[in-house]
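Here is target.tsv, consisting of TSV, C-alpha atoms and all ligand atoms:
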```tsv
chain	number	residue	atom	x	y	z
A	20	MET	CA	118.80	60.21	-24.01
A	21	THR	CA	119.60	63.77	-24.83
A	22	GLU	CA	123.00	65.35	-24.78
A	23	LEU	CA	121.85	68.13	-22.43
A	24	THR	CA	122.97	67.54	-18.86
A	25	PHE	CA	121.14	69.05	-15.94
A	26	THR	CA	122.99	71.17	-13.42
A	27	ARG	CA	121.54	70.73	-9.96
A	28	THR	CA	121.31	73.18	-7.09
A	29	GLU	CA	120.30	71.40	-3.92
A	30	ALA	CA	117.81	73.21	-1.76
A	31	GLN	CA	115.47	72.34	0.99
A	32	ARG	CA	113.06	75.21	1.37
A	33	LEU	CA	111.12	73.73	4.21
A	34	PRO	CA	112.20	71.77	7.27
A	35	ALA	CA	111.13	68.12	7.17
A	36	ALA	CA	108.53	68.63	9.89
A	37	GLU	CA	106.80	71.37	7.89
A	38	ARG	CA	106.86	69.24	4.76
A	39	GLU	CA	105.31	66.32	6.62
A	40	ALA	CA	102.56	68.58	7.97
A	41	ILE	CA	101.74	69.67	4.39
A	42	LEU	CA	101.80	66.09	3.11
A	43	ALA	CA	99.25	65.09	5.76
A	44	ASP	CA	96.63	67.25	4.01
A	45	PRO	CA	97.98	68.84	0.82
A	46	GLY	CA	94.68	69.58	-0.96
A	47	PHE	CA	95.27	70.39	-4.63
A	48	GLY	CA	97.71	72.93	-6.06
A	49	ASN	CA	98.36	74.74	-2.78
A	50	TYR	CA	101.97	73.85	-2.01
A	51	PHE	CA	105.08	73.47	-4.10
A	52	THR	CA	108.13	71.31	-3.68
A	53	ASP	CA	111.72	72.43	-3.02
A	54	HIS	CA	112.86	72.47	-6.65
A	55	MET	CA	111.88	73.35	-10.20
A	56	VAL	CA	113.29	72.55	-13.62
A	57	SER	CA	114.10	75.22	-16.15
A	58	ILE	CA	115.34	74.76	-19.72
A	59	VAL	CA	115.82	77.66	-22.07
A	60	TRP	CA	115.32	77.63	-25.84
A	61	THR	CA	116.50	80.12	-28.40
A	62	LYS	CA	115.84	80.00	-32.11
A	63	GLN	CA	119.55	80.28	-32.72
A	64	ASP	CA	120.90	77.67	-30.28
A	65	GLY	CA	117.96	75.38	-29.47
A	66	TRP	CA	117.47	73.88	-25.99
A	67	GLN	CA	120.14	74.79	-23.45
A	68	HIS	CA	120.78	75.50	-19.76
A	69	ALA	CA	118.90	72.52	-18.31
A	70	GLU	CA	118.78	73.20	-14.59
A	71	VAL	CA	117.24	71.88	-11.41
A	72	LEU	CA	116.90	75.04	-9.32
A	73	PRO	CA	115.52	75.94	-5.91
A	74	TYR	CA	111.79	76.62	-6.32
A	75	GLY	CA	111.12	80.34	-6.54
A	76	PRO	CA	110.38	83.38	-8.71
A	77	ILE	CA	111.84	83.53	-12.19
A	78	PRO	CA	113.39	86.67	-13.66
A	79	MET	CA	111.17	88.18	-16.31
A	80	ASP	CA	111.22	91.38	-18.31
A	81	PRO	CA	107.92	93.32	-18.45
A	82	ALA	CA	108.17	93.11	-22.25
A	83	SER	CA	108.31	89.30	-22.17
A	84	SER	CA	106.12	88.07	-25.02
A	85	VAL	CA	104.07	85.67	-22.89
A	86	LEU	CA	102.73	88.60	-20.88
A	87	HIS	CA	101.32	90.28	-23.98
A	88	TYR	CA	100.29	87.69	-26.54
A	89	GLY	CA	99.74	84.66	-24.33
A	90	GLN	CA	102.06	82.12	-25.93
A	91	GLU	CA	101.79	79.56	-23.11
A	92	ILE	CA	101.12	75.82	-23.02
A	93	PHE	CA	101.12	73.33	-20.19
A	94	GLU	CA	100.69	69.74	-19.10
A	95	GLY	CA	99.30	68.03	-16.03
A	96	MET	CA	100.49	64.61	-14.88
A	97	LYS	CA	100.94	62.59	-11.73
A	98	ALA	CA	103.58	60.49	-10.00
A	99	TYR	CA	102.74	57.90	-7.37
A	100	ARG	CA	104.67	56.33	-4.53
A	101	ARG	CA	104.31	52.56	-4.54
A	102	ALA	CA	104.25	50.23	-1.54
A	103	ASP	CA	107.94	49.32	-2.10
A	104	GLY	CA	108.94	52.99	-1.94
A	105	SER	CA	109.59	53.37	-5.67
A	106	ILE	CA	108.03	56.30	-7.54
A	107	VAL	CA	106.29	55.88	-10.88
A	108	ALA	CA	104.81	58.33	-13.39
A	109	PHE	CA	101.71	57.62	-15.48
A	110	ARG	CA	102.33	57.69	-19.26
A	111	PRO	CA	104.83	60.59	-19.24
A	112	ASP	CA	105.62	60.10	-22.95
A	113	GLU	CA	102.00	60.89	-23.76
A	114	ASN	CA	102.28	64.21	-21.95
A	115	ALA	CA	105.50	65.01	-23.81
A	116	LYS	CA	103.92	64.28	-27.18
A	117	ARG	CA	100.84	66.30	-26.34
A	118	LEU	CA	102.94	69.26	-25.20
A	119	ASN	CA	104.57	69.17	-28.62
A	120	ASP	CA	101.16	69.09	-30.33
A	121	SER	CA	100.24	72.19	-28.32
A	122	ALA	CA	103.63	73.76	-29.11
A	123	ARG	CA	103.03	73.46	-32.85
A	124	ARG	CA	99.64	75.18	-32.59
A	125	LEU	CA	101.00	78.01	-30.42
A	126	ALA	CA	104.15	78.46	-32.56
A	127	LEU	CA	106.37	77.46	-29.65
A	128	PRO	CA	109.36	75.11	-30.02
A	129	GLU	CA	108.92	71.35	-29.66
A	130	ILE	CA	110.98	69.68	-26.97
A	131	PRO	CA	112.50	66.22	-27.47
A	132	VAL	CA	110.32	63.62	-25.70
A	133	ASP	CA	113.42	62.23	-23.92
A	134	LEU	CA	114.34	65.64	-22.58
A	135	PHE	CA	110.79	66.22	-21.28
A	136	VAL	CA	110.75	62.87	-19.47
A	137	GLU	CA	114.28	63.44	-18.16
A	138	ALA	CA	113.23	66.84	-16.79
A	139	VAL	CA	110.30	65.25	-14.95
A	140	ARG	CA	112.57	62.49	-13.65
A	141	GLU	CA	115.15	65.02	-12.40
A	142	LEU	CA	112.51	66.96	-10.50
A	143	ILE	CA	110.94	63.87	-8.95
A	144	ALA	CA	114.37	62.58	-7.92
A	145	ALA	CA	115.27	65.91	-6.31
A	146	ASP	CA	111.92	66.12	-4.52
A	147	ALA	CA	111.30	62.44	-3.80
A	148	ALA	CA	110.55	63.31	-0.16
A	149	TRP	CA	107.56	65.31	-1.45
A	150	VAL	CA	105.84	62.33	-3.06
A	151	PRO	CA	103.18	61.44	-0.50
A	152	SER	CA	102.36	57.87	0.43
A	153	GLY	CA	98.85	58.28	1.87
A	154	ALA	CA	95.67	56.84	0.35
A	155	ASP	CA	94.84	58.49	-2.99
A	156	GLN	CA	97.76	60.90	-2.69
A	157	SER	CA	100.14	61.72	-5.50
A	158	LEU	CA	102.61	64.30	-6.74
A	159	TYR	CA	100.99	66.50	-9.38
A	160	LEU	CA	103.49	67.71	-11.97
A	161	ARG	CA	103.02	70.82	-14.04
A	162	PRO	CA	105.35	71.03	-17.04
A	163	PHE	CA	104.80	74.24	-19.01
A	164	MET	CA	106.33	76.40	-21.67
A	165	ILE	CA	106.25	80.15	-22.13
A	166	ALA	CA	107.46	82.49	-24.84
A	167	ASP	CA	110.05	84.74	-23.21
A	168	GLU	CA	111.45	87.18	-25.70
A	169	ASN	CA	111.58	90.84	-24.72
A	170	PHE	CA	109.92	92.20	-27.81
A	171	LEU	CA	106.50	93.71	-28.50
A	172	GLY	CA	106.23	92.90	-32.19
A	173	VAL	CA	103.57	90.34	-33.01
A	174	ARG	CA	105.30	87.19	-34.21
A	175	ALA	CA	106.36	83.86	-32.73
A	176	ALA	CA	108.91	84.49	-29.99
A	177	GLU	CA	112.48	83.43	-30.65
A	178	ARG	CA	113.17	82.65	-27.02
A	179	ALA	CA	111.17	80.32	-24.76
A	180	ARG	CA	111.45	78.63	-21.42
A	181	PHE	CA	110.26	75.15	-20.44
A	182	MET	CA	109.71	74.54	-16.75
A	183	VAL	CA	108.44	71.80	-14.46
A	184	ILE	CA	107.03	72.47	-11.02
A	185	ALA	CA	105.41	69.97	-8.67
A	186	SER	CA	102.72	70.04	-6.02
A	187	PRO	CA	101.66	67.29	-3.63
A	188	ALA	CA	98.00	66.34	-4.11
A	189	GLY	CA	95.48	64.75	-1.80
A	190	PRO	CA	92.35	62.79	-2.74
A	191	TYR	CA	90.20	64.89	-5.09
A	192	PHE	CA	86.98	63.75	-3.46
A	193	LYS	CA	87.20	63.84	0.29
A	194	GLY	CA	84.78	61.40	1.87
A	195	GLY	CA	83.95	59.42	-1.27
A	196	VAL	CA	83.29	60.08	-4.94
A	197	LYS	CA	80.41	62.54	-5.31
A	198	PRO	CA	78.40	63.30	-8.47
A	199	VAL	CA	78.62	66.91	-9.71
A	200	SER	CA	76.13	69.17	-11.45
A	201	ILE	CA	77.31	70.72	-14.68
A	202	TRP	CA	76.10	73.86	-16.41
A	203	LEU	CA	75.39	73.94	-20.13
A	204	SER	CA	77.02	77.13	-21.37
A	205	GLN	CA	74.81	78.59	-24.10
A	206	GLU	CA	76.39	81.97	-24.49
A	207	TYR	CA	80.05	81.01	-24.50
A	208	ALA	CA	82.14	78.47	-26.39
A	209	ARG	CA	85.66	77.29	-25.64
A	210	ALA	CA	86.59	76.31	-29.16
A	211	GLY	CA	85.65	76.50	-32.80
A	212	ARG	CA	86.89	75.05	-36.06
A	213	GLY	CA	90.54	75.92	-36.61
A	214	GLY	CA	90.95	77.44	-33.15
A	215	THR	CA	93.05	76.29	-30.23
A	216	GLY	CA	90.55	73.86	-28.65
A	217	ALA	CA	92.85	70.87	-29.09
A	218	ALA	CA	95.85	72.63	-27.54
A	219	LYS	CA	96.48	72.70	-23.81
A	220	CYS	CA	97.06	76.43	-23.63
A	221	GLY	CA	96.43	78.92	-20.85
A	222	GLY	CA	94.26	81.09	-23.10
A	223	ASN	CA	91.61	78.37	-23.34
A	224	TYR	CA	91.38	78.37	-19.57
A	225	ALA	CA	91.21	82.17	-19.37
A	226	ALA	CA	88.22	82.05	-21.73
A	227	SER	CA	86.51	79.37	-19.62
A	228	LEU	CA	86.54	81.31	-16.35
A	229	LEU	CA	83.59	83.61	-17.02
A	230	PRO	CA	81.29	80.69	-17.97
A	231	GLN	CA	82.73	78.84	-14.94
A	232	ASN	CA	81.54	81.73	-12.74
A	233	GLU	CA	78.14	81.54	-14.40
A	234	ALA	CA	78.03	77.82	-13.60
A	235	ALA	CA	78.82	78.52	-9.95
A	236	GLU	CA	76.05	81.15	-9.80
A	237	ASN	CA	73.69	78.44	-10.98
A	238	GLY	CA	74.82	75.94	-8.38
A	239	CYS	CA	77.01	73.92	-10.73
A	240	GLN	CA	80.64	72.84	-10.28
A	241	GLN	CA	81.64	72.60	-13.95
A	242	VAL	CA	80.69	73.87	-17.40
A	243	LEU	CA	79.80	71.80	-20.46
A	244	PHE	CA	80.76	73.43	-23.72
A	245	THR	CA	79.11	72.63	-27.02
A	246	ASP	CA	80.38	73.25	-30.53
A	247	SER	CA	79.84	76.94	-31.34
A	248	ALA	CA	78.63	75.98	-34.83
A	249	THR	CA	75.73	73.79	-33.64
A	250	ASP	CA	75.12	74.72	-29.99
A	251	ASP	CA	74.23	71.03	-29.55
A	252	THR	CA	77.26	68.91	-30.42
A	253	ILE	CA	79.14	68.21	-27.19
A	254	ASP	CA	82.78	69.28	-26.94
A	255	GLU	CA	83.91	68.81	-23.34
A	256	LEU	CA	84.07	70.46	-19.93
A	257	GLY	CA	86.44	73.32	-19.16
A	258	GLY	CA	89.23	70.89	-18.28
A	259	MET	CA	87.80	67.39	-18.57
A	260	ASN	CA	86.55	65.11	-21.33
A	261	LEU	CA	83.03	63.73	-21.26
A	262	PHE	CA	81.63	60.19	-21.52
A	263	LEU	CA	78.06	58.90	-21.59
A	264	VAL	CA	77.24	55.27	-20.82
A	265	ARG	CA	74.39	53.39	-22.44
A	266	ALA	CA	72.28	50.81	-20.62
A	267	ASP	CA	74.02	48.04	-22.64
A	268	GLY	CA	77.43	49.23	-21.34
A	269	THR	CA	78.49	51.03	-24.53
A	270	LEU	CA	80.63	54.11	-23.88
A	271	LEU	CA	79.98	57.21	-25.96
A	272	THR	CA	82.48	60.06	-26.16
A	273	PRO	CA	83.05	62.96	-28.56
A	274	GLU	CA	85.60	62.15	-31.28
A	275	LEU	CA	88.87	64.10	-31.43
A	276	ASN	CA	87.60	66.64	-33.93
A	277	GLY	CA	90.11	69.41	-33.33
A	278	ASN	CA	87.85	71.18	-30.83
A	279	ILE	CA	88.61	69.03	-27.80
A	280	LEU	CA	91.69	68.15	-25.84
A	281	ALA	CA	93.01	64.64	-26.39
A	282	GLY	CA	92.88	63.56	-22.74
A	283	ILE	CA	95.26	60.84	-21.63
A	284	THR	CA	92.67	59.73	-19.07
A	285	ARG	CA	90.12	59.56	-21.92
A	286	LYS	CA	92.48	57.46	-24.03
A	287	SER	CA	93.30	55.14	-21.10
A	288	LEU	CA	89.63	54.63	-20.20
A	289	ILE	CA	88.76	53.80	-23.81
A	290	GLN	CA	91.46	51.11	-23.68
A	291	LEU	CA	90.23	49.70	-20.35
A	292	ALA	CA	86.61	49.62	-21.60
A	293	LYS	CA	87.67	47.77	-24.77
A	294	ASP	CA	89.70	45.31	-22.65
A	295	ARG	CA	86.43	44.49	-20.86
A	296	GLY	CA	84.69	43.87	-24.15
A	297	LEU	CA	82.62	47.05	-23.92
A	298	ALA	CA	81.88	48.89	-27.14
A	299	VAL	CA	83.22	52.44	-27.38
A	300	GLU	CA	81.79	54.93	-29.87
A	301	GLU	CA	83.96	57.96	-30.56
A	302	ARG	CA	81.73	60.20	-32.63
A	303	ALA	CA	79.74	63.43	-32.69
A	304	LEU	CA	77.48	63.43	-29.62
A	305	THR	CA	74.70	65.90	-28.94
A	306	VAL	CA	72.95	67.26	-25.89
A	307	SER	CA	69.66	66.32	-27.61
A	308	GLU	CA	70.77	62.69	-27.81
A	309	TRP	CA	71.81	62.76	-24.13
A	310	ARG	CA	68.46	64.25	-23.14
A	311	ALA	CA	66.41	61.78	-25.19
A	312	GLY	CA	68.55	58.85	-24.00
A	313	VAL	CA	68.04	59.63	-20.33
A	314	ALA	CA	64.31	60.15	-20.92
A	315	ASP	CA	63.87	56.74	-22.58
A	316	GLY	CA	66.28	54.93	-20.26
A	317	SER	CA	68.91	54.10	-22.90
A	318	ILE	CA	71.58	56.39	-21.37
A	319	THR	CA	72.21	55.52	-17.75
A	320	GLU	CA	75.48	57.20	-16.69
A	321	ALA	CA	77.63	60.21	-17.47
A	322	PHE	CA	81.08	61.14	-16.25
A	323	ALA	CA	83.92	63.55	-16.87
A	324	CYS	CA	87.58	62.55	-16.80
A	325	GLY	CA	90.99	64.11	-16.42
A	326	THR	CA	94.25	63.66	-14.54
A	327	ALA	CA	93.30	65.71	-11.47
A	328	ALA	CA	90.02	63.99	-10.52
A	329	VAL	CA	90.48	60.84	-12.69
A	330	ILE	CA	86.71	60.29	-13.08
A	331	THR	CA	84.03	62.69	-11.86
A	332	PRO	CA	80.49	61.26	-11.97
A	333	ILE	CA	77.90	63.64	-13.40
A	334	GLY	CA	74.58	63.72	-11.56
A	335	GLN	CA	72.90	66.50	-13.48
A	336	LEU	CA	73.19	68.74	-16.55
A	337	LYS	CA	71.49	72.10	-16.07
A	338	SER	CA	70.58	74.82	-18.53
A	339	PRO	CA	68.17	77.77	-18.29
A	340	ASP	CA	65.55	75.76	-20.24
A	341	PHE	CA	65.82	72.20	-18.99
A	342	SER	CA	67.81	69.79	-16.87
A	343	ILE	CA	68.90	66.20	-17.28
A	344	ASP	CA	68.91	64.30	-14.02
A	345	PHE	CA	70.39	60.97	-13.00
A	346	GLY	CA	69.26	61.49	-9.42
A	347	GLU	CA	69.97	58.54	-7.15
A	348	ALA	CA	71.34	56.55	-10.11
A	349	ALA	CA	74.61	58.56	-10.01
A	350	PRO	CA	77.37	57.59	-9.69
A	351	GLY	CA	76.66	54.60	-11.91
A	352	PRO	CA	78.36	51.20	-11.68
A	353	ILE	CA	80.46	51.49	-14.87
A	354	THR	CA	81.64	54.96	-13.86
A	355	LEU	CA	82.74	53.66	-10.47
A	356	SER	CA	84.34	50.44	-11.67
A	357	LEU	CA	86.36	52.19	-14.41
A	358	ARG	CA	87.52	54.69	-11.83
A	359	GLU	CA	88.55	51.90	-9.49
A	360	GLU	CA	90.39	50.06	-12.25
A	361	LEU	CA	92.37	53.06	-13.49
A	362	THR	CA	93.33	54.25	-10.00
A	363	GLY	CA	94.16	50.62	-9.10
A	364	ILE	CA	96.68	50.53	-11.95
A	365	GLN	CA	98.10	53.95	-11.07
A	366	PHE	CA	98.58	53.15	-7.39
A	367	GLY	CA	99.93	49.66	-8.06
A	368	ALA	CA	97.07	47.57	-6.64
A	369	LEU	CA	96.29	46.17	-10.11
A	370	ASP	CA	98.51	44.76	-12.82
A	371	ASP	CA	99.86	47.42	-15.23
A	372	LYS	CA	99.14	45.23	-18.24
A	373	HIS	CA	99.65	48.00	-20.81
A	374	GLY	CA	102.96	49.23	-19.38
A	375	TRP	CA	101.60	52.69	-18.58
A	376	LEU	CA	103.77	53.28	-15.52
A	377	GLU	CA	107.35	54.43	-15.86
A	378	VAL	CA	109.68	54.09	-12.88
A	379	MET	CA	111.10	57.52	-11.98
A	380	VAL	CA	112.88	56.60	-8.74
A	381	GLU	CA	113.85	53.02	-7.85
A	382	ALA	CA	112.85	51.52	-4.52
A	401	LIG	C1	94.09	68.53	-19.53
A	401	LIG	C2	92.71	68.59	-20.11
A	401	LIG	C3	91.86	67.47	-20.16
A	401	LIG	C4	92.21	66.15	-19.53
A	401	LIG	O1	93.37	65.57	-20.05
A	401	LIG	P1	94.11	64.42	-19.20
A	401	LIG	O2	95.30	64.10	-20.03
A	401	LIG	O3	93.16	63.30	-19.09
A	401	LIG	O4	94.44	65.01	-17.89
A	401	LIG	C5	90.64	67.62	-20.77
A	401	LIG	N1	90.24	68.79	-21.29
A	401	LIG	C6	91.01	69.89	-21.25
A	401	LIG	C7	90.52	71.16	-21.85
A	401	LIG	C8	92.27	69.83	-20.66
A	401	LIG	O5	93.03	70.92	-20.62
```

Structure translated into structure tokens:
Amino acid sequence: MTELTFTRTEAQRLPAAEREAILADPGFGNYFTDHMVSIVWTKQDGWQHAEVLPYGPIPMDPASSVLHYGQEIFEGMKAYRRADGSIVAFRPDENAKRLNDSARRLALPEIPVDLFVEAVRELIAADAAWVPSGADQSLYLRPFMIADENFLGVRAAERARFMVIASPAGPYFKGGVKPVSIWLSQEYARAGRGGTGAAKCGGNYAASLLPQNEAAENGCQQVLFTDSATDDTIDELGGMNLFLVRADGTLLTPELNGNILAGITRKSLIQLAKDRGLAVEERALTVSEWRAGVADGSITEAFACGTAAVITPIGQLKSPDFSIDFGEAAPGPITLSLREELTGIQFGALDDKHGWLEVMVEA
């Protein structure tokens, strides 16, 4: 444990009846809980002022460095209410470690893993009433860090703020898991050698929005980015990692080459596949290989994965020149059964044999 103690300000923004109405159909990212966590860092004094505050606007100077040079990183994670009333979080240490990986790349301060997990625990405890209990519902947590020094010189800020906010989340796919079409971005890349592709930073998302619009104009829900050096080697989607499945059950996924985000869902699925005795190849993967594999029947499934949707089956990859189609074969059986297994562990229906769940609030 850390020596920082949290000061708590109790607040209930919304009457219980209003909260319950939101929890009946929260959607994703629309509503926020009663509280937020804030911890300040200065180069001189380190982490200080750990607080659980009423949710609301934060004071910020127009010269704050984050507004000008984009020093911002974030995490996305979920907490689940179990049948006995307890609340668990999925692999929170992994999120803490990844935030620190991002912090190093963006020249922001690292936060002790204990303090990160404690901050998440404090917020969940304060807002336990906001953790929904319906089917496929969870509390989505958004830890993030911003540079917050009032200074326009270009250098790493000497003041930063770490915050955690939370938002109740409903099932990502209403009415069953549906395959999506994805657009192969040929003009735009999200990462390149030595860039920030492996960091979870806001700037990567800003750069993905124009190609995301292009995808929507072409009837696709997501974008697939390839390596800007080859235009063929697969990186990932705008916010999800990619897997292909071979007819023999082997999983193929791009290796962590510095261009892609090290997804915790990706890592967990690789473990579950290996537990089943499936082979997993983490290596360079190309669109050409995907195309040839579907044509000759050796590649039978494709899916994307990330915390928000867990697993999204891919039905089609579209580009101006060609398309790869799984048609009626999507979603495939391995895609669906891995999804069922991971969500089963997260919601407590299946044994948590790897100890991925950490109790945040006791029953
Ligand atoms: C967050 C994120 C993912 C998924 O990571 P999870 O830990 O599985 O949620 C994948 N790609 C990008 C670019 C991301 O930002």

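Ranking A:Glu91, A:Glu360, A:Arg27, A:Val242 by their shortest atom-to-atom distance to A:Trp202, with all atoms listed in the file included, puts A:Val242 first.
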
note = Min atom-atom distance to A:Ala266 from the set A:Pro198, A:Gly282, A:Gly214, A:Pro352, counting only C-alpha atoms, belongs to A:Pro352

ask   = Which protein, DNA or RNA residues have an atom within 10 Å of ligand LIG 401 (chain A), counting all atoms listed in the file, as a PyMOL selection string?
value = chain A and resi 92-97+110+113-114+117+209-210+216-221+223-224+227+254-261+278-288+323-330

May I have the selected residues written with C-alpha atoms, as a JSON list (two decimals), in the coordinates of the input?
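Wrote again_18.json, looks like this:
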```
[["chain", "number", "residue", "atom", "x", "y", "z"],
["A", 92, "ILE", "CA", 101.12, 75.82, -23.02],
["A", 93, "PHE", "CA", 101.12, 73.33, -20.19],
["A", 94, "GLU", "CA", 100.69, 69.74, -19.10],
["A", 95, "GLY", "CA", 99.30, 68.03, -16.03],
["A", 96, "MET", "CA", 100.49, 64.61, -14.88],
["A", 97, "LYS", "CA", 100.94, 62.59, -11.73],
["A", 110, "ARG", "CA", 102.33, 57.69, -19.26],
["A", 113, "GLU", "CA", 102.00, 60.89, -23.76],
["A", 114, "ASN", "CA", 102.28, 64.21, -21.95],
["A", 117, "ARG", "CA", 100.84, 66.30, -26.34],
["A", 209, "ARG", "CA", 85.66, 77.29, -25.64],
["A", 210, "ALA", "CA", 86.59, 76.31, -29.16],
["A", 216, "GLY", "CA", 90.55, 73.86, -28.65],
["A", 217, "ALA", "CA", 92.85, 70.87, -29.09],
["A", 218, "ALA", "CA", 95.85, 72.63, -27.54],
["A", 219, "LYS", "CA", 96.48, 72.70, -23.81],
["A", 220, "CYS", "CA", 97.06, 76.43, -23.63],
["A", 221, "GLY", "CA", 96.43, 78.92, -20.85],
["A", 223, "ASN", "CA", 91.61, 78.37, -23.34],
["A", 224, "TYR", "CA", 91.38, 78.37, -19.57],
["A", 227, "SER", "CA", 86.51, 79.37, -19.62],
["A", 254, "ASP", "CA", 82.78, 69.28, -26.94],
["A", 255, "GLU", "CA", 83.91, 68.81, -23.34],
["A", 256, "LEU", "CA", 84.07, 70.46, -19.93],
["A", 257, "GLY", "CA", 86.44, 73.32, -19.16],
["A", 258, "GLY", "CA", 89.23, 70.89, -18.28],
["A", 259, "MET", "CA", 87.80, 67.39, -18.57],
["A", 260, "ASN", "CA", 86.55, 65.11, -21.33],
["A", 261, "LEU", "CA", 83.03, 63.73, -21.26],
["A", 278, "ASN", "CA", 87.85, 71.18, -30.83],
["A", 279, "ILE", "CA", 88.61, 69.03, -27.80],
["A", 280, "LEU", "CA", 91.69, 68.15, -25.84],
["A", 281, "ALA", "CA", 93.01, 64.64, -26.39],
["A", 282, "GLY", "CA", 92.88, 63.56, -22.74],
["A", 283, "ILE", "CA", 95.26, 60.84, -21.63],
["A", 284, "THR", "CA", 92.67, 59.73, -19.07],
["A", 285, "ARG", "CA", 90.12, 59.56, -21.92],
["A", 286, "LYS", "CA", 92.48, 57.46, -24.03],
["A", 287, "SER", "CA", 93.30, 55.14, -21.10],
["A", 288, "LEU", "CA", 89.63, 54.63, -20.20],
["A", 323, "ALA", "CA", 83.92, 63.55, -16.87],
["A", 324, "CYS", "CA", 87.58, 62.55, -16.80],
["A", 325, "GLY", "CA", 90.99, 64.11, -16.42],
["A", 326, "THR", "CA", 94.25, 63.66, -14.54],
["A", 327, "ALA", "CA", 93.30, 65.71, -11.47],
["A", 328, "ALA", "CA", 90.02, 63.99, -10.52],
["A", 329, "VAL", "CA", 90.48, 60.84, -12.69],
["A", 330, "ILE", "CA", 86.71, 60.29, -13.08]]
```

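Picture a line from atom CA of A:Lys116 to atom CA of A:Phe163; it runs 12.9 Å.
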
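Among A:Tyr99, A:Trp309, A:Phe47, A:Phe170, the residue with the shortest atom-to-atom distance to A:Ala82, counting all atoms listed in the file, is A:Phe170.
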
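Within 8 Å of A:Leu23, once all atoms listed in the file are used and residues closer than 5 positions along the same chain are dropped, the contacting residues are Gln67, His68, Ala69 and Leu134 of chain A.
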
Neighbour list for A:Ala234 as a ChimeraX atom specification, cut-off 12 Å, all atoms listed in the file, skip fewer than 5 positions in-chain = /A:199-207,227-229,239-244,256-257,336-339

remark   = Across A:Ala348, A:Leu160, A:Val56, A:Ala321, the smallest distance to A:Tyr74, with all atoms listed in the file counted, is shown by A:Val56

request  = Mind checking which residues fall within 8 Å of A:Phe51, counting only C-alpha atoms, ignoring those fewer than 3 positions away in the same chain, and posting them as an MDAnalysis selection string?
outcome  = chainID A and resid 48 74 184:187

key: A:Ile58 surroundings by all atoms listed in the file, 10 Å radius, close-in-sequence under 6 positions cut, as an MDAnalysis selection string   = chainID A and resid 23 25 66:71 130 134:135 138 164 179:183

ask   = In terms of the shortest atom-to-atom distance over only C-alpha atoms, which of A:Val196, A:Leu127, A:Leu304, A:Ala35 is closest to A:Thr252?
value = A:Leu304

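Atom CA of A:Ser247 is positioned 28.6 Å from atom CA of A:Ala349.
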
ask   = Can you tell me how far atom CA of A:Thr215 sits from atom CA of A:Gln365, in Å to one decimal?
value = 29.9 Å
